[in-house]
Each structure stands twice: as C-alpha cells, then as structure tokens.
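Novice: My file is entry_31.txt. It has compact mmCIF, C-alpha atoms:
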```txt
# COMPACT_ATOMS: atom_id res chain seq x y z
CA MET A 1 -24.06 -7.45 26.78
CA THR A 2 -20.70 -7.20 25.04
CA ALA A 3 -20.37 -8.48 21.50
CA GLU A 4 -17.80 -11.05 22.61
CA ARG A 5 -20.10 -12.51 25.26
CA LEU A 6 -23.05 -12.52 22.85
CA VAL A 7 -21.12 -14.45 20.22
CA ARG A 8 -19.92 -16.94 22.83
CA ASP A 9 -23.47 -17.52 24.08
CA LEU A 10 -24.82 -17.88 20.54
CA ARG A 11 -22.15 -20.46 19.70
CA HIS A 12 -23.45 -22.51 22.63
CA ASP A 13 -27.03 -22.12 21.40
CA LEU A 14 -26.04 -23.44 17.97
CA ASP A 15 -24.18 -26.36 19.48
CA ASP A 16 -27.14 -27.24 21.70
CA ALA A 17 -29.33 -27.31 18.55
CA GLY A 18 -26.90 -29.67 16.82
CA LEU A 19 -25.67 -26.98 14.43
CA ARG A 20 -22.40 -25.60 13.18
CA GLY A 21 -22.65 -22.37 11.27
CA SER A 22 -21.20 -19.40 9.47
CA PHE A 23 -23.15 -16.22 10.32
CA LEU A 24 -22.64 -12.58 9.46
CA VAL A 25 -24.82 -9.50 9.85
CA ARG A 26 -23.68 -6.19 8.34
CA ASP A 27 -25.15 -2.72 8.66
CA LEU A 28 -25.20 -1.59 5.02
CA GLN A 29 -25.06 2.08 6.01
CA SER A 30 -22.16 2.05 8.47
CA GLY A 31 -20.37 -1.13 7.42
CA GLU A 32 -20.35 -2.35 11.02
CA GLU A 33 -20.71 -6.12 11.28
CA ILE A 34 -20.83 -9.00 13.72
CA GLY A 35 -20.62 -12.70 13.02
CA ILE A 36 -19.80 -16.26 14.00
CA GLU A 37 -17.11 -17.94 11.87
CA PRO A 38 -18.07 -15.66 8.96
CA ASP A 39 -15.25 -16.95 6.73
CA LEU A 40 -16.12 -20.64 7.08
CA VAL A 41 -16.93 -21.94 3.58
CA PHE A 42 -20.01 -24.10 3.00
CA PRO A 43 -21.54 -25.81 -0.04
CA ALA A 44 -24.00 -23.21 -1.32
CA ALA A 45 -26.94 -25.44 -2.39
CA SER A 46 -29.78 -23.31 -3.83
CA LEU A 47 -28.11 -20.05 -2.85
CA VAL A 48 -26.49 -20.30 -6.30
CA LYS A 49 -29.80 -19.23 -7.79
CA ILE A 50 -28.96 -15.62 -6.86
CA PRO A 51 -25.69 -15.55 -8.89
CA LEU A 52 -27.55 -17.40 -11.66
CA ALA A 53 -30.22 -14.67 -11.74
CA ILE A 54 -27.53 -11.98 -11.87
CA ALA A 55 -25.79 -13.66 -14.82
CA ILE A 56 -29.04 -14.15 -16.77
CA LEU A 57 -30.18 -10.57 -16.12
CA GLU A 58 -26.81 -9.18 -17.18
CA ARG A 59 -27.16 -11.04 -20.49
CA ILE A 60 -30.68 -9.66 -20.93
CA ARG A 61 -29.45 -6.15 -20.16
CA SER A 62 -26.66 -6.41 -22.72
CA GLY A 63 -29.08 -7.64 -25.41
CA ASP A 64 -27.37 -11.03 -25.60
CA LEU A 65 -30.52 -12.76 -24.33
CA ASP A 66 -34.22 -11.92 -24.67
CA GLY A 67 -36.23 -12.30 -21.47
CA ALA A 68 -39.38 -12.92 -23.55
CA THR A 69 -37.89 -15.98 -25.28
CA TYR A 70 -39.80 -19.16 -24.48
CA VAL A 71 -38.00 -22.27 -23.30
CA GLU A 72 -39.79 -25.61 -23.68
CA LEU A 73 -39.49 -27.89 -20.68
CA GLN A 74 -40.18 -31.59 -21.09
CA PRO A 75 -40.92 -33.60 -17.93
CA GLY A 76 -37.95 -35.84 -17.23
CA ARG A 77 -35.72 -34.10 -19.82
CA LEU A 78 -34.02 -32.02 -17.15
CA ALA A 79 -32.98 -34.32 -14.33
CA ALA A 80 -33.35 -31.76 -11.54
CA THR A 81 -35.86 -32.66 -8.86
CA GLY A 82 -37.36 -30.57 -6.12
CA PRO A 83 -40.48 -29.83 -4.09
CA THR A 84 -41.72 -26.78 -6.01
CA GLY A 85 -42.69 -25.37 -9.41
CA VAL A 86 -42.02 -27.04 -12.75
CA SER A 87 -40.13 -29.78 -10.90
CA LYS A 88 -43.58 -31.15 -9.99
CA PHE A 89 -45.16 -30.79 -13.46
CA HIS A 90 -46.32 -33.84 -15.44
CA HIS A 91 -46.73 -32.26 -18.88
CA PRO A 92 -44.59 -30.20 -21.27
CA VAL A 93 -44.68 -26.45 -20.73
CA SER A 94 -43.13 -23.41 -22.40
CA VAL A 95 -41.96 -20.66 -20.05
CA ALA A 96 -40.37 -17.32 -20.87
CA VAL A 97 -36.82 -16.73 -19.60
CA ASP A 98 -37.98 -13.87 -17.39
CA ASP A 99 -40.61 -16.12 -15.78
CA LEU A 100 -38.04 -18.87 -15.30
CA LEU A 101 -36.13 -16.32 -13.21
CA TYR A 102 -39.16 -15.94 -10.95
CA LEU A 103 -39.63 -19.71 -10.64
CA SER A 104 -35.93 -20.34 -10.02
CA THR A 105 -35.34 -17.53 -7.52
CA SER A 106 -38.64 -16.79 -5.77
CA VAL A 107 -40.08 -20.32 -5.83
CA SER A 108 -36.68 -22.11 -5.73
CA ASP A 109 -37.69 -24.37 -8.62
CA ASN A 110 -34.72 -26.60 -9.51
CA THR A 111 -36.01 -27.48 -12.98
CA ALA A 112 -36.44 -23.80 -13.85
CA ALA A 113 -32.93 -23.12 -12.57
CA ASP A 114 -31.46 -25.87 -14.73
CA ALA A 115 -33.33 -24.53 -17.76
CA LEU A 116 -31.51 -21.24 -17.12
CA PHE A 117 -28.22 -23.12 -16.70
CA THR A 118 -28.68 -24.50 -20.22
CA LEU A 119 -28.51 -20.86 -21.35
CA THR A 120 -25.68 -19.78 -19.06
CA SER A 121 -23.43 -22.50 -17.65
CA PRO A 122 -22.16 -22.63 -14.06
CA ALA A 123 -18.69 -21.64 -15.30
CA GLU A 124 -20.19 -18.64 -17.11
CA VAL A 125 -22.08 -17.62 -13.98
CA THR A 126 -18.85 -17.68 -11.96
CA SER A 127 -17.08 -15.75 -14.73
CA THR A 128 -19.81 -13.09 -14.56
CA LEU A 129 -19.33 -12.76 -10.81
CA ARG A 130 -15.59 -12.30 -11.22
CA ARG A 131 -16.06 -9.74 -14.00
CA LEU A 132 -18.31 -7.80 -11.64
CA GLY A 133 -15.65 -7.95 -8.92
CA ILE A 134 -17.52 -10.42 -6.71
CA ARG A 135 -15.17 -12.90 -5.03
CA GLY A 136 -15.76 -15.75 -2.65
CA VAL A 137 -18.89 -17.25 -4.26
CA THR A 138 -18.22 -19.98 -6.82
CA VAL A 139 -20.82 -21.80 -8.93
CA ARG A 140 -19.57 -25.20 -10.12
CA HIS A 141 -22.57 -27.35 -11.10
CA THR A 142 -26.22 -27.45 -12.03
CA LEU A 143 -29.13 -28.30 -9.73
CA SER A 144 -29.49 -31.77 -11.24
CA ASP A 145 -25.85 -32.42 -10.30
CA LEU A 146 -26.56 -31.00 -6.84
CA THR A 147 -29.31 -33.50 -6.09
CA ASP A 148 -27.67 -36.52 -7.74
CA THR A 149 -26.02 -37.88 -4.60
CA PRO A 150 -25.97 -41.46 -3.29
CA ALA A 151 -27.79 -40.25 -0.18
CA HIS A 152 -30.65 -38.86 -2.30
CA ARG A 153 -31.33 -42.34 -3.70
CA PHE A 154 -32.82 -43.58 -0.44
CA ASP A 155 -36.60 -43.88 -0.21
CA ASP A 156 -38.45 -41.28 1.84
CA ASP A 157 -38.85 -43.83 4.64
CA ASP A 158 -35.05 -44.04 4.89
CA ALA A 159 -34.38 -40.30 4.79
CA ASP A 160 -32.74 -40.45 8.21
CA LEU A 161 -30.13 -42.83 6.75
CA ALA A 162 -29.37 -40.35 3.95
CA HIS A 163 -28.77 -37.63 6.51
CA ALA A 164 -26.69 -39.95 8.68
CA ILE A 165 -24.44 -40.68 5.69
CA ALA A 166 -24.09 -36.96 4.94
CA ILE A 167 -23.19 -36.22 8.56
CA ALA A 168 -20.71 -39.08 8.97
CA ALA A 169 -18.84 -38.61 5.70
CA GLY A 170 -17.58 -35.08 6.29
CA THR A 171 -14.25 -33.80 7.57
CA ASP A 172 -13.39 -30.92 9.89
CA GLY A 173 -12.01 -29.01 6.91
CA HIS A 174 -15.32 -29.34 5.00
CA GLY A 175 -14.05 -32.02 2.69
CA HIS A 176 -16.60 -34.75 2.06
CA ARG A 177 -16.97 -38.16 0.42
CA ILE A 178 -20.12 -36.79 -1.27
CA PRO A 179 -18.77 -34.29 -3.86
CA GLN A 180 -21.83 -32.02 -3.57
CA LEU A 181 -20.95 -31.50 0.10
CA ASP A 182 -17.21 -30.99 -0.50
CA VAL A 183 -16.38 -27.28 -0.76
CA THR A 184 -13.57 -27.98 -3.23
CA HIS A 185 -16.03 -29.60 -5.67
CA ALA A 186 -19.40 -28.05 -4.86
CA SER A 187 -20.71 -24.57 -5.48
CA SER A 188 -19.59 -22.73 -2.37
CA GLY A 189 -19.32 -19.55 -0.36
CA SER A 190 -19.02 -18.21 3.17
CA ALA A 191 -21.35 -15.94 5.13
CA ARG A 192 -18.99 -13.05 4.39
CA ALA A 193 -18.95 -13.81 0.67
CA PHE A 194 -22.74 -13.88 0.50
CA VAL A 195 -23.08 -10.70 2.55
CA ASP A 196 -20.65 -9.04 0.11
CA LEU A 197 -22.92 -10.22 -2.72
CA LEU A 198 -26.01 -8.84 -0.97
CA GLN A 199 -24.28 -5.51 -0.41
CA ALA A 200 -23.47 -5.34 -4.11
CA LEU A 201 -27.19 -5.81 -4.85
CA TRP A 202 -28.47 -3.26 -2.31
CA ALA A 203 -25.80 -0.54 -2.61
CA PRO A 204 -24.17 1.10 -5.65
CA SER A 205 -21.75 -1.42 -7.14
CA SER A 206 -20.40 -2.79 -10.40
CA ILE A 207 -23.71 -4.62 -10.97
CA ALA A 208 -26.08 -2.64 -13.22
CA PRO A 209 -28.89 -0.88 -11.26
CA GLU A 210 -31.63 -2.58 -13.30
CA THR A 211 -30.14 -6.00 -12.58
CA CYS A 212 -29.94 -5.21 -8.87
CA ALA A 213 -33.54 -3.96 -8.81
CA ARG A 214 -34.85 -7.12 -10.44
CA VAL A 215 -32.91 -9.46 -8.11
CA ARG A 216 -34.13 -7.50 -5.09
CA GLU A 217 -37.69 -7.88 -6.38
CA LEU A 218 -37.25 -11.63 -6.86
CA MET A 219 -35.86 -12.01 -3.34
CA ALA A 220 -38.65 -9.89 -1.85
CA ASN A 221 -41.13 -12.33 -3.46
CA ASN A 222 -39.43 -15.41 -1.98
CA VAL A 223 -42.16 -17.87 -0.98
CA ILE A 224 -39.99 -20.05 1.32
CA ARG A 225 -40.07 -17.94 4.46
CA GLN A 226 -40.24 -20.33 7.43
CA ARG A 227 -36.55 -20.19 8.29
CA LEU A 228 -35.39 -16.63 9.10
CA GLY A 229 -38.50 -14.83 7.87
CA PRO A 230 -40.50 -15.08 11.13
CA ASP A 231 -37.77 -13.17 12.98
CA PHE A 232 -37.15 -10.51 10.33
CA SER A 233 -40.57 -9.82 8.78
CA SER A 234 -42.93 -7.27 10.32
CA ASP A 235 -45.24 -4.40 9.43
CA VAL A 236 -42.29 -2.00 9.76
CA SER A 237 -39.63 -4.05 7.97
CA ARG A 238 -39.13 -5.77 4.62
CA TRP A 239 -37.35 -9.13 4.42
CA SER A 240 -35.94 -10.21 1.05
CA SER A 241 -34.19 -13.56 1.01
CA LYS A 242 -33.15 -16.86 -0.54
CA THR A 243 -32.84 -20.23 1.14
CA GLY A 244 -30.54 -23.15 0.36
CA THR A 245 -31.11 -26.73 1.51
CA LEU A 246 -29.25 -29.97 0.82
CA LEU A 247 -29.36 -32.98 3.13
CA ASN A 248 -28.06 -31.65 6.48
CA LEU A 249 -27.37 -28.14 5.15
CA ARG A 250 -29.81 -25.32 5.94
CA HIS A 251 -28.96 -21.83 4.72
CA GLU A 252 -30.63 -18.49 4.24
CA ILE A 253 -29.32 -15.12 3.11
CA GLY A 254 -31.29 -11.90 2.98
CA VAL A 255 -31.64 -8.21 3.65
CA VAL A 256 -33.94 -6.61 6.20
CA GLU A 257 -34.93 -3.01 5.47
CA HIS A 258 -36.43 -1.12 8.41
CA SER A 259 -38.89 1.72 8.03
CA ASP A 260 -36.46 4.04 9.88
CA GLY A 261 -33.99 3.58 7.02
CA GLN A 262 -31.55 1.14 8.56
CA THR A 263 -30.71 -1.87 6.38
CA PHE A 264 -28.90 -5.07 7.34
CA ALA A 265 -27.52 -7.89 5.20
CA VAL A 266 -27.79 -11.29 6.88
CA ALA A 267 -26.21 -14.63 6.02
CA ALA A 268 -26.80 -17.82 7.99
CA LEU A 269 -25.15 -20.99 6.65
CA THR A 270 -25.46 -24.13 8.78
CA GLU A 271 -24.92 -27.86 8.87
CA SER A 272 -26.70 -30.17 11.30
CA ARG A 273 -25.37 -33.23 13.05
CA VAL A 274 -28.94 -34.50 13.62
CA ALA A 275 -30.12 -37.11 11.10
CA ALA A 276 -33.60 -35.75 10.35
CA ILE A 277 -35.24 -33.85 7.48
CA ASN A 278 -37.64 -31.76 9.53
CA GLN A 279 -35.88 -29.79 12.24
CA PRO A 280 -38.06 -26.78 13.11
CA GLY A 281 -36.13 -26.29 16.34
CA ALA A 282 -32.86 -25.97 14.44
CA GLU A 283 -34.40 -23.46 12.04
CA ALA A 284 -35.80 -21.47 14.95
CA THR A 285 -32.33 -21.42 16.49
CA MET A 286 -30.84 -20.18 13.20
CA ALA A 287 -33.33 -17.32 13.17
CA ARG A 288 -32.82 -16.49 16.84
CA VAL A 289 -29.04 -16.37 16.42
CA ALA A 290 -29.24 -14.21 13.28
CA ARG A 291 -31.70 -11.84 14.92
CA ALA A 292 -29.59 -11.53 18.08
CA LEU A 293 -26.62 -10.52 15.94
CA ARG A 294 -28.78 -7.98 14.10
CA ASP A 295 -30.17 -6.65 17.38
CA GLN A 296 -26.63 -6.12 18.69
CA LEU A 297 -25.80 -3.87 15.74
CA ARG A 298 -29.17 -2.16 15.73
CA SER A 299 -29.05 -1.27 19.42
CA ALA A 300 -25.76 0.52 18.85
CA TRP A 301 -27.34 2.56 16.02
CA ILE A 302 -30.53 3.43 17.87
```
Rewrite the structure of this file - the entire thing - as structure tokens.

Specialist:
Amino acid sequence: MTAERLVRDLRHDLDDAGLRGSFLVRDLQSGEEIGIEPDLVFPAASLVKIPLAIAILERIRSGDLDGATYVELQPGRLAATGPTGVSKFHHPVSVAVDDLLYLSTSVSDNTAADALFTLTSPAEVTSTLRRLGIRGVTVRHTLSDLTDTPAHRFDDDDADLAHAIAIAAGTDGHGHRIPQLDVTHASSGSARAFVDLLQALWAPSSIAPETCARVRELMANNVIRQRLGPDFSSDVSRWSSKTGTLLNLRHEIGVVEHSDGQTFAVAALTESRVAAINQPGAEATMARVARALRDQLRSAWI
C-alpha cells in the first residue's frame, strides 16, 4: 500500500473512532518519517513532565540543584490532583528531588510534578528547552493550573457533562473557552515538536548525555502503558513512553527500540468528540494508527 493511501485510510479510522489527531513516526536512523497532520498543535497535558524532567536534571548536572535534597509535601498544600502517587496521599511526606522525578515522569504524579515546578518554574522549563535548541514545545503552567478547569468541578457522576463542555467549547483553530485547552494559553506542542524532543533524547544532541540517559530510564519505567504500549511492547522491542490526558485529550509519545537495531520515535496527540472518560476503543484506534505508520516505515527498511 502506498503511503498516501495508508494515511487516507488511517484518517478515516480516526474519524470513525471520534478522534482528530496529530501523529508522526520517525526512523531515528534514517530520518524517514510519516504522519497525519504532524504540525497540528495540541495542549500538551502531562507530556510537559518530560521537559520538566530535562530542566530539573540539567540543574542537577550543573550543580545548581542536589537530587538528594528532600522536599516536604503537605496534603492539600499543592493543589494538583490526580489518580496516582503522592496525589493520593493523606499524610505529610518528604521525598528526594530525584525520587520526585520518578513519581512525576514514570508514575505521572501531578503533585510530585508541581513540587518540582516549585523548584523550576514553567517559564524556566521553557527557557531551558530554548537554550538547548528545542523549539515547538512550550510549558506555560503547573499541573494544578492544568486541572483547575470549570469542567473538572463536576462530580464523577456528571463526568460526561464535563467532556461535553470541553468538546463544544473548542474552535477549529484550537482556540478554546477553557484556557487549559487553548493552545495560545496552555502548555502545547505538535507531534513533530515532540518527536524532535524524543530524537534529542535518543540521539546525540545539545542535551547532556547523562540527562538523556536518565530521562530514557524514566520513560522506560512508565507504568501507564494501556494506550500505545500493547502495540509497541514485545519480547524483541523496548517501549519507552509518556502519556498525557486532560478531559477529551488523549496523548502518548515514545520510542520503540527493536532488537535488530532500528529505533522509531512516535507521537500520537488526539482529541475526542465523544463525551466519555473511558474510551478503550479510541485508545486502541490510536495505537493501531501509530503502529500502522511505524509498520510502513519499517517495511521499507526490512
């Protein structure tokens, strides 16, 4: 099948699943790539935890920050909420900066991420990216700001209404009445921008090798693996990734390293027009589309 026909068919698959997306797969050896609207910018949600980890690790590397320093977290002091990690704790806890990196990145703990943001602000994270020559990904707010939307204030029983509001309030140009879903106000990036970031972490770049190695380790230990992981993990491949979720947004970026040496960076950023929290069919479609794009490049190599 030609690449053009494949992309056309995959666009239909996404539409049938109620999704609009920005996808890109790049062979990190050859630079060959294939995508669907790869330059379409989306709110980044928890994908910002990768740039955050880079900025914190760069400060540790330079001696400006000590990874062994303990940070005391008081329940309710940091307003970030989430389904994992310290966000679910009921009692005060002291956690070392280096362990906060694990909680923030591998466990996607919003409270741990905001504890790191108290050490390095969103503006400083973006400044670090620009200093390292990384364009296209912008970090603008903390995780507590991310989840402080009117739609999040609905009870769990009314979650479908929250999603309906998020879906109805957007514009074709990705503006939005909810600032956290407006790409001019929210942390943001496109599939291409995030693939560029992944390439900088997996190939020689301006990012220090020890920083890259640690971020790759954190992504390899990602515990949220139900989205793209089933289609990219196997006994002969290694899938390292990070998810991002906010209301009707479902994202995942990652790198699959095959035992034969071929390595692909993958970015799948999507928004759903279906007002539901749990959409396993949509996530399966995301994975199938991303894998089909990878398979197209891989078949040419093999």

Novice: Any idea what the distance is between atom CA of Met1 of chain A and atom CA of Gln279 of chain A?

Specialist: 29.2 Å

Novice: To one decimal place, how far is atom CA of Ala68 of chain A from atom CA of Thr211 of chain A in Å?

Specialist: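 Value for the atom CA of Ala68 of chain A-atom CA of Thr211 of chain A distance: 15.9 Å.
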
Novice: What's the 8 Å shell around Gly67 of chain A, counting only C-alpha atoms, without same-chain residues fewer than 4 positions away, as a ChimeraX atom specification?

Specialist: /A:60,96-98

Novice: Hey, which of A:Thr120, A:Ser206, A:Ser127, A:Ser237 ends up closest to Leu57 of chain A? Count all atoms listed in the file.

Specialist: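 Checking each candidate against Leu57 of chain A, we get A:Thr120 as the closest.
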
Novice: Could I get the residues of segment 202-275 of chain A with an atom no further than 12 Å from an atom of segment 16-19 of chain A, each paired with its nearest atom pair and that distance in Å to one decimal, using all atoms listed in the file, sorted by chain and residue number, as a Markdown table?

Specialist:
```
| residue | atom | partner | partner_atom | distance |
| --- | --- | --- | --- | --- |
| A:Asn248 | CA | A:Leu19 | CA | 9.5 |
| A:Leu249 | CA | A:Leu19 | CA | 9.5 |
| A:Arg250 | CA | A:Leu19 | CA | 9.6 |
| A:His251 | CA | A:Leu19 | CA | 11.5 |
| A:Ala268 | CA | A:Leu19 | CA | 11.3 |
| A:Leu269 | CA | A:Leu19 | CA | 9.8 |
| A:Thr270 | CA | A:Leu19 | CA | 6.3 |
| A:Glu271 | CA | A:Leu19 | CA | 5.7 |
| A:Ser272 | CA | A:Leu19 | CA | 4.6 |
| A:Arg273 | CA | A:Gly18 | CA | 5.4 |
| A:Val274 | CA | A:Gly18 | CA | 6.1 |
| A:Ala275 | CA | A:Gly18 | CA | 9.9 |
```

Novice: Taking all atoms listed in the file into account, which of A:Asn278, A:Thr128, A:Ser46, A:Ser62 comes nearest Gln180 of chain A?

Specialist: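 Checking each of A:Asn278, A:Thr128, A:Ser46, A:Ser62 against Gln180 of chain A, counting all atoms listed in the file, the winner is A:Ser46.
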
Novice: Can you work out which one of A:Thr69, A:Thr111, A:Gln29, A:Ser299 has the shortest atom-to-atom distance to Thr84 of chain A, counting only C-alpha atoms?

Specialist: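 Closest to Thr84 of chain A, using only C-alpha atoms: A:Thr111.
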
Novice: For segment 287-295 of chain A, please output as a count of residues only all residues within 10 Å (counting all atoms listed in the file; exclusion window: fewer than 6 positions along the same chain).

Specialist: 33

Novice: One decimal, Å: what's the distance from atom CA of Glu4 of chain A over to atom CA of Glu37 of chain A, could you say?

Specialist: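 These two atoms are separated by 12.8 Å.
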
Novice: Residues at most 8 Å from segment 187-204 of chain A, counting all atoms listed in the file, excluding those fewer than 2 positions away in the same chain, as a PyMOL selection string?

Specialist: chain A and resi 22-26+28+38-45+48+134-141+180+183+185+206-207+209+212-213+215-216+253-255+265-269

Novice: Which neighbours of Tyr70 of chain A fall inside 12 Å, counting only C-alpha atoms, when residues of the same chain fewer than 3 positions from it are skipped, and could you give them as a count of residues only?

Specialist: 15

Novice: Using only C-alpha atoms, which of A:Arg225, A:His12, A:Lys88, A:Arg238 sits nearest Asp109 of chain A?

Specialist: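 The answer is A:Lys88, which sits nearest to Asp109 of chain A.
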